[in-house]
Amino acid sequence: MSREIEILKILENNSRISSNEIAEMLNMDVQEVEDIIKKYEDDGVILKYKTLINWEKAGVEEVYAIIDVRVNLSREKGYDDIAKRIAKFPEVHAVRLVSGEYDFQVVVKGKSLKDISFFIAEKISTIPEVRDTNTHFLLRTYKEEGALLFEDEEDRRLAIVP
Amino acid sequence: MKKTGGLQLSRERLNKRVRELKPSGIRRFFELIIGRDDVISLGVGEPDFPVPWRIREEMIYSLEKGITSYTSNYGLLELREAIAEYYRRFEVDVSEENVLITTGVSEGIDLALRAVVNPGDTVIVPEPVYVSYSPLAYLTGAGVVTVSTCPGFKITYEDLVKYKDRNVKVLMLNYPNNPTGVSYTRKELEELADAVLELDCLVISDEIYAELSYSFKHVSIASLNGMEDRTIILNGFSKGFAMTGMRVGYAIAPDDILEGMVKIHQYSMLCAPVTAQVGALEALRNGEDELEMMRAEYIRRRNFFIRRLREMFDVVMPDGAFYAFPDVSSTGLSGMEFAERLLMEKNVAVVPGDAFGECGANHVRCAYAVSMEKLRLAVDRMKEFVESL
């Protein structure tokens, strides 16, 4: 693995880590690490520094829904055009073109089930190219972005082993 | 057990060599640690990762399918084939017929020594070294010669050929090494191979940390010219695949030696646990990504930890495994005193170096198989301790 990729992996796992710490881990100069990060930021490889929060644990209610969307394509409107139109709504968390029965998988975030229902009915379903939708409300998340959202095993090792 | 009050046996009850065997050097230290809360332990020679889930899943599934019986004494054929295939990566050309599945490398060491050593033979053990080599060699009736490798921790051709007239039967090797982390390059191993040929002896090569080799690619001494027929390779799944509690390892040896080892194994262990063998097979087939992830993490920890330790002590750069073996004599304390006081005053546990042989007395073994956060905290506390002296 190249050092550049290593830096990305470390940052992906912990965006708050300092360049100093990364330099220590990879046996590099701090300046060198900072230059690489800056370059990736400028090139749009690093898009955003994000924190993964277990909102349920924080006592904040959020409602997510996954919407399968089937569309009609025309000579003027391809997948990219429709996807971009859907992606621009702030309620939309993710848009993915997928294989299978439906064309897009759209993840929508709202304050309540009602909120999301209105959004789908009024904003998504009314797009002329949208043929039909199938909505799954998210009841509970167990794993997100590779992190487990439940208590995992504790360290059972002895304190000392020769 | 209840005492019967019957007549005492008129002879010594215990075997002479067992009586003479010294208990592990860290027993007293172990007692100190029991009952202390919030200790950051760098004393554990065990990955801090659990067994990768895909391996656990395979073992659970095998239990559900009722795969719970004995296997052949040699172990599952598929696993032996996979191991032979795997060792071809290290340029050791073997077939499954040269592979025996053992209950961890610990059993492998015992089997290998018992299979080849006669009372009166000499076994050379370079120190510092993992705690069980010398006692197990001693139990075979051998004369055990420990050779200090301090301060660089590598044994050389010159160190070995001195023992040419000592009826040396076995040289014990362990690289990357526990407790020092050092390993041997191809060139260094070629020199050792020359010495082995001069001594006309065998090598028991414990390569349990082969996958955790960072500075250079691991070379098996068995792959060197003339050594395939003189080497017993021991390896297992505890360290690379974090499967310590599964107790599954293996030996690769020339036909006649393997047959000898199987004889002992079939009368003592019979076979390694089948569930663990199923897990081991999954590890070899599909565990490469998890292994790579763990290895990358150990390298990061090593780089960080050694840099910080070098602010305080002389430390040889570990080439692999997950141990650092700093020389703490600059503090004016022995390894034992240092470890005891560090534990009592700063709640950080490290292992006194003399547990791994006399020449380690000025050292302590620190295992960096803990999270970066804990490692940082431990080394900060260590620094405070050293500055307080």
# chains A, B, ... in the order shown; residues from 1 in each chain; ligands from 1
call {"tool": "select_by_dssp", "arguments": {"residues": "region 5-70 of chain A", "states": "strand (DSSP E)", "output": "ChimeraX atom specification"}}
result
/A:63-70
call {"tool": "residues_around", "arguments": {"residues": "region 80-86 of chain A", "least_positions_apart": "4", "cutoff": "9 Å", "atoms": "only C-alpha atoms", "output": "list in words"}}
result
Val71, Leu73, Glu76, Val92, Val95, Arg96, Leu97, Phe104, Val106, Lys123, Ile124, Ile127, Glu129 and Val130 of chain A
call {"tool": "interface_residues", "arguments": {"of": "chain B", "to": "chain A", "cutoff": "8 Å", "atoms": "only C-alpha atoms", "output": "list of chain:residue names"}}
result
B:Ile26, B:Phe30, B:Ile33, B:Val39, B:Ser41, B:Leu42, B:Gly43, B:Val44, B:Gly45, B:Glu46, B:Asp48, B:Tyr130, B:Val131, B:Ile299, B:Arg300, B:Arg301, B:Arg302, B:Asn303, B:Phe304, B:Arg307, B:Ala349, B:Val350, B:Val351, B:Ala355
call {"tool": "residues_around", "arguments": {"residues": "Leu212 (chain B)", "least_positions_apart": "2", "cutoff": "10 Å", "atoms": "only C-alpha atoms", "output": "PyMOL selection string"}}
result
chain B and resi 176+181+207-210+214-215+217-218+239-241+291-292+294-296+298-299+319-322
call {"tool": "atom_distance", "arguments": {"atom1": "CA of Gly279 (chain B)", "atom2": "CA of Asn235 (chain B)"}}
result
15.3 Å
call {"tool": "closest_residue", "arguments": {"among": "B:Gly108, B:Pro52, B:Leu7, B:Arg19", "to": "Ile264 (chain B)", "atoms": "only C-alpha atoms"}}
result
B:Gly108
call {"tool": "closest_residue", "arguments": {"among": "B:Cys150, B:Ala193, B:Leu111, B:Val328", "to": "Ser268 (chain B)", "atoms": "only C-alpha atoms"}}
result
B:Leu111
call {"tool": "residues_around", "arguments": {"residues": "Pro90 (chain A)", "least_positions_apart": "5", "cutoff": "10 Å", "atoms": "only C-alpha atoms", "output": "list in words"}}
result
Val108, Lys109 and Gly110 of chain A
call {"tool": "closest_residue", "arguments": {"among": "B:Lys346, B:Arg310, B:Lys154, B:Arg230", "to": "Val203 (chain B)", "atoms": "only C-alpha atoms"}}
result
B:Arg230
call {"tool": "residues_around", "arguments": {"residues": "region 32-43 of chain A", "least_positions_apart": "5", "cutoff": "9 Å", "atoms": "only C-alpha atoms", "output": "number ranges by chain"}}
result
A: 4, 7-8, 19-20, 22-23, 48
call {"tool": "write_last_selection", "arguments": {"atoms": "C-alpha atoms", "output": "mmCIF file, in the first residue's frame"}}
result
data_model
loop_
_atom_site.group_PDB
_atom_site.id
_atom_site.type_symbol
_atom_site.label_atom_id
_atom_site.label_comp_id
_atom_site.auth_asym_id
_atom_site.auth_seq_id
_atom_site.Cartn_x
_atom_site.Cartn_y
_atom_site.Cartn_z
ATOM 1 C CA GLU A 4 -0.706 8.250 0.026
ATOM 2 C CA ILE A 7 -3.016 8.464 4.706
ATOM 3 C CA LEU A 8 -6.450 8.318 3.091
ATOM 4 C CA SER A 19 -0.965 15.421 10.670
ATOM 5 C CA ASN A 20 1.559 15.004 13.435
ATOM 6 C CA ILE A 22 -0.151 10.441 10.910
ATOM 7 C CA ALA A 23 3.493 11.377 10.372
ATOM 8 C CA LYS A 48 -15.490 16.243 3.187
#
call {"tool": "atom_distance", "arguments": {"atom1": "CA of Glu91 (chain B)", "atom2": "CA of Tyr184 (chain B)"}}
result
16.0 Å
call {"tool": "atom_distance", "arguments": {"atom1": "CA of Gly143 (chain B)", "atom2": "CA of Gly120 (chain B)"}}
result
6.0 Å
call {"tool": "residues_around", "arguments": {"residues": "region 283-289 of chain B", "least_positions_apart": "4", "cutoff": "12 Å", "atoms": "only C-alpha atoms", "output": "PyMOL selection string"}}
result
chain B and resi 51-59+78-87+211+236-243+248+276-279+293-296
call {"tool": "write_last_selection", "arguments": {"atoms": "N, CA and C atoms", "output": "compact mmCIF listing (two decimals), in the first residue's frame"}}
result
# COMPACT_ATOMS: atom_id res chain seq x y z
N VAL B 51 -10.84 -12.84 16.58
CA VAL B 51 -10.76 -13.68 15.38
C VAL B 51 -11.63 -13.04 14.29
N PRO B 52 -11.10 -12.81 13.09
CA PRO B 52 -11.92 -12.17 12.05
C PRO B 52 -13.27 -12.88 11.89
N TRP B 53 -14.28 -12.07 11.68
CA TRP B 53 -15.65 -12.61 11.73
C TRP B 53 -15.88 -13.71 10.71
N ARG B 54 -15.30 -13.57 9.49
CA ARG B 54 -15.57 -14.60 8.48
C ARG B 54 -15.05 -15.97 8.96
N ILE B 55 -14.00 -15.95 9.76
CA ILE B 55 -13.45 -17.21 10.28
C ILE B 55 -14.36 -17.76 11.38
N ARG B 56 -14.82 -16.85 12.23
CA ARG B 56 -15.73 -17.28 13.29
C ARG B 56 -17.01 -17.86 12.69
N GLU B 57 -17.50 -17.18 11.67
CA GLU B 57 -18.72 -17.61 11.00
C GLU B 57 -18.58 -19.03 10.46
N GLU B 58 -17.44 -19.29 9.86
CA GLU B 58 -17.20 -20.60 9.27
C GLU B 58 -17.17 -21.68 10.36
N MET B 59 -16.59 -21.30 11.51
CA MET B 59 -16.53 -22.27 12.61
C MET B 59 -17.93 -22.51 13.18
N GLU B 78 -7.68 -31.17 3.48
CA GLU B 78 -7.79 -29.89 2.75
C GLU B 78 -6.91 -28.81 3.39
N LEU B 79 -6.87 -28.82 4.71
CA LEU B 79 -6.07 -27.82 5.41
C LEU B 79 -4.58 -28.06 5.15
N ARG B 80 -4.19 -29.33 5.16
CA ARG B 80 -2.77 -29.65 4.92
C ARG B 80 -2.38 -29.26 3.49
N GLU B 81 -3.30 -29.50 2.56
CA GLU B 81 -3.02 -29.09 1.17
C GLU B 81 -2.87 -27.57 1.07
N ALA B 82 -3.77 -26.88 1.77
CA ALA B 82 -3.74 -25.41 1.73
C ALA B 82 -2.44 -24.88 2.35
N ILE B 83 -1.98 -25.54 3.40
CA ILE B 83 -0.74 -25.10 4.05
C ILE B 83 0.47 -25.34 3.14
N ALA B 84 0.49 -26.52 2.48
CA ALA B 84 1.60 -26.82 1.57
C ALA B 84 1.63 -25.77 0.45
N GLU B 85 0.46 -25.46 -0.05
CA GLU B 85 0.33 -24.45 -1.11
C GLU B 85 0.81 -23.08 -0.60
N TYR B 86 0.39 -22.75 0.61
CA TYR B 86 0.74 -21.47 1.22
C TYR B 86 2.26 -21.35 1.40
N TYR B 87 2.90 -22.43 1.83
CA TYR B 87 4.35 -22.35 2.06
C TYR B 87 5.16 -22.30 0.78
N GLU B 211 3.99 -13.83 8.99
CA GLU B 211 3.09 -12.90 8.31
C GLU B 211 3.19 -11.49 8.87
N GLY B 236 1.57 -21.25 12.67
CA GLY B 236 0.20 -21.41 13.15
C GLY B 236 -0.63 -20.19 12.84
N PHE B 237 -1.79 -20.15 13.43
CA PHE B 237 -2.79 -19.14 13.07
C PHE B 237 -3.02 -18.11 14.18
N SER B 238 -2.32 -18.29 15.31
CA SER B 238 -2.59 -17.45 16.47
C SER B 238 -2.26 -15.98 16.25
N LYS B 239 -1.14 -15.71 15.62
CA LYS B 239 -0.68 -14.32 15.56
C LYS B 239 -1.18 -13.62 14.31
N GLY B 240 -0.88 -14.15 13.15
CA GLY B 240 -1.28 -13.49 11.91
C GLY B 240 -2.79 -13.36 11.78
N PHE B 241 -3.50 -14.41 12.16
CA PHE B 241 -4.96 -14.39 12.00
C PHE B 241 -5.68 -14.18 13.34
N ALA B 242 -4.94 -13.80 14.36
CA ALA B 242 -5.52 -13.48 15.68
C ALA B 242 -6.35 -14.63 16.23
N MET B 243 -5.91 -15.87 16.00
CA MET B 243 -6.70 -17.02 16.45
C MET B 243 -6.07 -17.71 17.66
N VAL B 248 -4.46 -23.70 17.06
CA VAL B 248 -4.21 -24.49 15.86
C VAL B 248 -2.93 -23.99 15.17
N ALA B 276 -11.35 -25.67 15.14
CA ALA B 276 -10.23 -24.76 14.90
C ALA B 276 -9.61 -25.01 13.52
N GLN B 277 -9.58 -26.28 13.12
CA GLN B 277 -9.00 -26.60 11.81
C GLN B 277 -9.87 -26.02 10.68
N VAL B 278 -11.18 -26.09 10.88
CA VAL B 278 -12.09 -25.51 9.88
C VAL B 278 -11.84 -24.00 9.78
N GLY B 279 -11.68 -23.36 10.95
CA GLY B 279 -11.40 -21.92 10.97
C GLY B 279 -10.09 -21.61 10.27
N MET B 293 -5.04 -5.90 6.86
CA MET B 293 -5.52 -4.78 7.68
C MET B 293 -4.81 -4.78 9.04
N MET B 294 -4.68 -5.95 9.63
CA MET B 294 -4.04 -6.03 10.95
C MET B 294 -2.56 -5.70 10.84
N ARG B 295 -1.93 -6.22 9.79
CA ARG B 295 -0.49 -5.97 9.59
C ARG B 295 -0.23 -4.46 9.43
N ALA B 296 -1.07 -3.80 8.62
CA ALA B 296 -0.90 -2.36 8.40
C ALA B 296 -1.01 -1.61 9.73
call {"tool": "residues_around", "arguments": {"residues": "region 374-378 of chain B", "least_positions_apart": "3", "cutoff": "8 Å", "atoms": "only C-alpha atoms", "output": "PDB file with N, CA, C and O atoms, in the first residue's frame"}}
result
ATOM      1  N   ILE B  40      -2.954  -0.324  32.025  1.00  0.00           N
ATOM      2  CA  ILE B  40      -2.764  -0.433  30.577  1.00  0.00           C
ATOM      3  C   ILE B  40      -1.714  -1.512  30.406  1.00  0.00           C
ATOM      4  O   ILE B  40      -0.594  -1.367  30.879  1.00  0.00           O
ATOM      5  N   ARG B 301       1.575   1.270  14.467  1.00  0.00           N
ATOM      6  CA  ARG B 301       1.842   1.312  15.912  1.00  0.00           C
ATOM      7  C   ARG B 301       3.333   1.189  16.179  1.00  0.00           C
ATOM      8  O   ARG B 301       3.881   1.868  17.041  1.00  0.00           O
ATOM      9  N   PHE B 305       5.433   3.892  18.190  1.00  0.00           N
ATOM     10  CA  PHE B 305       5.918   3.455  19.504  1.00  0.00           C
ATOM     11  C   PHE B 305       7.443   3.521  19.590  1.00  0.00           C
ATOM     12  O   PHE B 305       8.003   4.006  20.580  1.00  0.00           O
ATOM     13  N   VAL B 348       1.151   0.839  34.335  1.00  0.00           N
ATOM     14  CA  VAL B 348       1.433   0.302  33.003  1.00  0.00           C
ATOM     15  C   VAL B 348       2.203  -1.009  33.179  1.00  0.00           C
ATOM     16  O   VAL B 348       3.187  -1.043  33.915  1.00  0.00           O
ATOM     17  N   TYR B 368       3.039  -4.051  21.460  1.00  0.00           N
ATOM     18  CA  TYR B 368       2.211  -2.944  20.967  1.00  0.00           C
ATOM     19  C   TYR B 368       0.929  -3.450  20.300  1.00  0.00           C
ATOM     20  O   TYR B 368       0.403  -2.827  19.377  1.00  0.00           O
ATOM     21  N   VAL B 370      -1.959  -3.164  21.255  1.00  0.00           N
ATOM     22  CA  VAL B 370      -3.066  -2.430  21.887  1.00  0.00           C
ATOM     23  C   VAL B 370      -3.405  -1.255  20.977  1.00  0.00           C
ATOM     24  O   VAL B 370      -2.599  -0.890  20.114  1.00  0.00           O
ATOM     25  N   SER B 371      -4.558  -0.656  21.187  1.00  0.00           N
ATOM     26  CA  SER B 371      -4.986   0.430  20.301  1.00  0.00           C
ATOM     27  C   SER B 371      -4.018   1.609  20.379  1.00  0.00           C
ATOM     28  O   SER B 371      -3.298   1.776  21.367  1.00  0.00           O
ATOM     29  N   ARG B 381       2.789   7.799  30.003  1.00  0.00           N
ATOM     30  CA  ARG B 381       2.997   7.457  31.418  1.00  0.00           C
ATOM     31  C   ARG B 381       4.423   6.951  31.649  1.00  0.00           C
ATOM     32  O   ARG B 381       5.042   7.224  32.670  1.00  0.00           O
ATOM     33  N   MET B 382       4.927   6.202  30.676  1.00  0.00           N
ATOM     34  CA  MET B 382       6.284   5.674  30.783  1.00  0.00           C
ATOM     35  C   MET B 382       7.275   6.845  30.839  1.00  0.00           C
ATOM     36  O   MET B 382       8.225   6.838  31.615  1.00  0.00           O
TER      37      MET B 382
END
call {"tool": "closest_residue", "arguments": {"among": "B:Glu340, B:Glu228, B:Asp200, B:Glu191", "to": "Pro352 (chain B)", "atoms": "only C-alpha atoms"}}
result
B:Glu340
call {"tool": "select_by_dssp", "arguments": {"residues": "region 24-102 of chain A", "states": "helix (DSSP H, G or I)", "output": "list of chain:residue names"}}
result
A:Glu24, A:Met25, A:Leu26, A:Val30, A:Gln31, A:Glu32, A:Val33, A:Glu34, A:Asp35, A:Ile36, A:Ile37, A:Lys38, A:Lys39, A:Tyr40, A:Glu41, A:Asp42, A:Asp43, A:Tyr79, A:Asp80, A:Asp81, A:Ile82, A:Ala83, A:Lys84, A:Arg85, A:Ile86, A:Ala87
call {"tool": "decode", "arguments": {"residues": "region 60-94 of chain A", "atoms": "N, CA and C atoms", "output": "mmCIF file, in the first residue's frame"}}
result
data_model
loop_
_atom_site.group_PDB
_atom_site.id
_atom_site.type_symbol
_atom_site.label_atom_id
_atom_site.label_comp_id
_atom_site.auth_asym_id
_atom_site.auth_seq_id
_atom_site.Cartn_x
_atom_site.Cartn_y
_atom_site.Cartn_z
ATOM 1 N N VAL A 60 -31.719 11.990 19.572
ATOM 2 C CA VAL A 60 -32.296 12.830 18.517
ATOM 3 C C VAL A 60 -32.985 11.920 17.501
ATOM 4 N N GLU A 61 -34.236 12.219 17.236
ATOM 5 C CA GLU A 61 -34.968 11.369 16.300
ATOM 6 C C GLU A 61 -34.755 11.808 14.871
ATOM 7 N N GLU A 62 -34.386 10.879 14.059
ATOM 8 C CA GLU A 62 -34.247 11.157 12.630
ATOM 9 C C GLU A 62 -34.902 10.017 11.886
ATOM 10 N N VAL A 63 -35.513 10.317 10.790
ATOM 11 C CA VAL A 63 -36.168 9.255 10.028
ATOM 12 C C VAL A 63 -35.509 9.156 8.656
ATOM 13 N N TYR A 64 -35.169 7.955 8.318
ATOM 14 C CA TYR A 64 -34.579 7.710 6.999
ATOM 15 C C TYR A 64 -35.490 6.792 6.204
ATOM 16 N N ALA A 65 -35.493 6.971 4.910
ATOM 17 C CA ALA A 65 -36.211 6.027 4.052
ATOM 18 C C ALA A 65 -35.355 5.728 2.828
ATOM 19 N N ILE A 66 -35.457 4.486 2.388
ATOM 20 C CA ILE A 66 -34.779 4.108 1.147
ATOM 21 C C ILE A 66 -35.872 3.984 0.088
ATOM 22 N N ILE A 67 -35.725 4.738 -0.972
ATOM 23 C CA ILE A 67 -36.774 4.724 -2.004
ATOM 24 C C ILE A 67 -36.214 4.130 -3.289
ATOM 25 N N ASP A 68 -36.860 3.086 -3.733
ATOM 26 C CA ASP A 68 -36.505 2.529 -5.047
ATOM 27 C C ASP A 68 -37.269 3.336 -6.087
ATOM 28 N N VAL A 69 -36.573 3.810 -7.097
ATOM 29 C CA VAL A 69 -37.227 4.654 -8.103
ATOM 30 C C VAL A 69 -37.010 4.048 -9.494
ATOM 31 N N ARG A 70 -38.150 3.861 -10.192
ATOM 32 C CA ARG A 70 -38.037 3.364 -11.572
ATOM 33 C C ARG A 70 -38.354 4.528 -12.506
ATOM 34 N N VAL A 71 -37.559 4.700 -13.544
ATOM 35 C CA VAL A 71 -37.770 5.865 -14.414
ATOM 36 C C VAL A 71 -37.953 5.462 -15.877
ATOM 37 N N ASN A 72 -38.531 6.371 -16.624
ATOM 38 C CA ASN A 72 -38.603 6.218 -18.089
ATOM 39 C C ASN A 72 -37.524 7.088 -18.699
ATOM 40 N N LEU A 73 -36.716 6.511 -19.530
ATOM 41 C CA LEU A 73 -35.680 7.319 -20.173
ATOM 42 C C LEU A 73 -36.205 7.855 -21.507
ATOM 43 N N SER A 74 -35.702 9.005 -21.894
ATOM 44 C CA SER A 74 -36.053 9.524 -23.222
ATOM 45 C C SER A 74 -34.773 9.964 -23.905
ATOM 46 N N ARG A 75 -34.891 10.364 -25.161
ATOM 47 C CA ARG A 75 -33.708 10.805 -25.898
ATOM 48 C C ARG A 75 -33.071 12.016 -25.216
ATOM 49 N N GLU A 76 -33.939 12.867 -24.604
ATOM 50 C CA GLU A 76 -33.423 14.095 -23.969
ATOM 51 C C GLU A 76 -32.955 13.864 -22.533
ATOM 52 N N LYS A 77 -33.619 12.920 -21.859
ATOM 53 C CA LYS A 77 -33.325 12.747 -20.428
ATOM 54 C C LYS A 77 -32.740 11.363 -20.145
ATOM 55 N N GLY A 78 -31.466 11.339 -19.806
ATOM 56 C CA GLY A 78 -30.810 10.085 -19.448
ATOM 57 C C GLY A 78 -30.753 9.935 -17.931
ATOM 58 N N TYR A 79 -30.093 8.868 -17.461
ATOM 59 C CA TYR A 79 -29.977 8.613 -16.018
ATOM 60 C C TYR A 79 -29.329 9.807 -15.296
ATOM 61 N N ASP A 80 -28.251 10.332 -15.895
ATOM 62 C CA ASP A 80 -27.509 11.397 -15.219
ATOM 63 C C ASP A 80 -28.398 12.615 -14.948
ATOM 64 N N ASP A 81 -29.201 12.976 -15.943
ATOM 65 C CA ASP A 81 -30.059 14.158 -15.782
ATOM 66 C C ASP A 81 -31.057 13.965 -14.651
ATOM 67 N N ILE A 82 -31.670 12.790 -14.644
ATOM 68 C CA ILE A 82 -32.696 12.532 -13.620
ATOM 69 C C ILE A 82 -32.041 12.454 -12.232
ATOM 70 N N ALA A 83 -30.911 11.762 -12.174
ATOM 71 C CA ALA A 83 -30.213 11.606 -10.880
ATOM 72 C C ALA A 83 -29.809 12.966 -10.321
ATOM 73 N N LYS A 84 -29.269 13.815 -11.177
ATOM 74 C CA LYS A 84 -28.832 15.137 -10.707
ATOM 75 C C LYS A 84 -30.010 15.937 -10.171
ATOM 76 N N ARG A 85 -31.149 15.810 -10.843
ATOM 77 C CA ARG A 85 -32.339 16.550 -10.415
ATOM 78 C C ARG A 85 -32.773 16.087 -9.018
ATOM 79 N N ILE A 86 -32.753 14.764 -8.836
ATOM 80 C CA ILE A 86 -33.164 14.231 -7.512
ATOM 81 C C ILE A 86 -32.132 14.610 -6.445
ATOM 82 N N ALA A 87 -30.866 14.520 -6.797
ATOM 83 C CA ALA A 87 -29.779 14.729 -5.820
ATOM 84 C C ALA A 87 -29.776 16.144 -5.253
ATOM 85 N N LYS A 88 -30.321 17.100 -5.995
ATOM 86 C CA LYS A 88 -30.239 18.491 -5.545
ATOM 87 C C LYS A 88 -31.142 18.813 -4.350
ATOM 88 N N PHE A 89 -32.145 17.988 -4.091
ATOM 89 C CA PHE A 89 -33.000 18.255 -2.920
ATOM 90 C C PHE A 89 -32.182 18.062 -1.639
ATOM 91 N N PRO A 90 -32.274 19.006 -0.700
ATOM 92 C CA PRO A 90 -31.503 18.843 0.536
ATOM 93 C C PRO A 90 -31.946 17.638 1.358
ATOM 94 N N GLU A 91 -33.179 17.198 1.212
ATOM 95 C CA GLU A 91 -33.661 16.027 1.964
ATOM 96 C C GLU A 91 -32.982 14.738 1.502
ATOM 97 N N VAL A 92 -32.448 14.787 0.291
ATOM 98 C CA VAL A 92 -31.876 13.558 -0.280
ATOM 99 C C VAL A 92 -30.448 13.357 0.235
ATOM 100 N N HIS A 93 -30.249 12.223 0.853
ATOM 101 C CA HIS A 93 -28.983 11.903 1.502
ATOM 102 C C HIS A 93 -28.024 11.208 0.532
ATOM 103 N N ALA A 94 -28.574 10.341 -0.296
ATOM 104 C CA ALA A 94 -27.736 9.620 -1.271
ATOM 105 C C ALA A 94 -28.571 9.230 -2.485
#
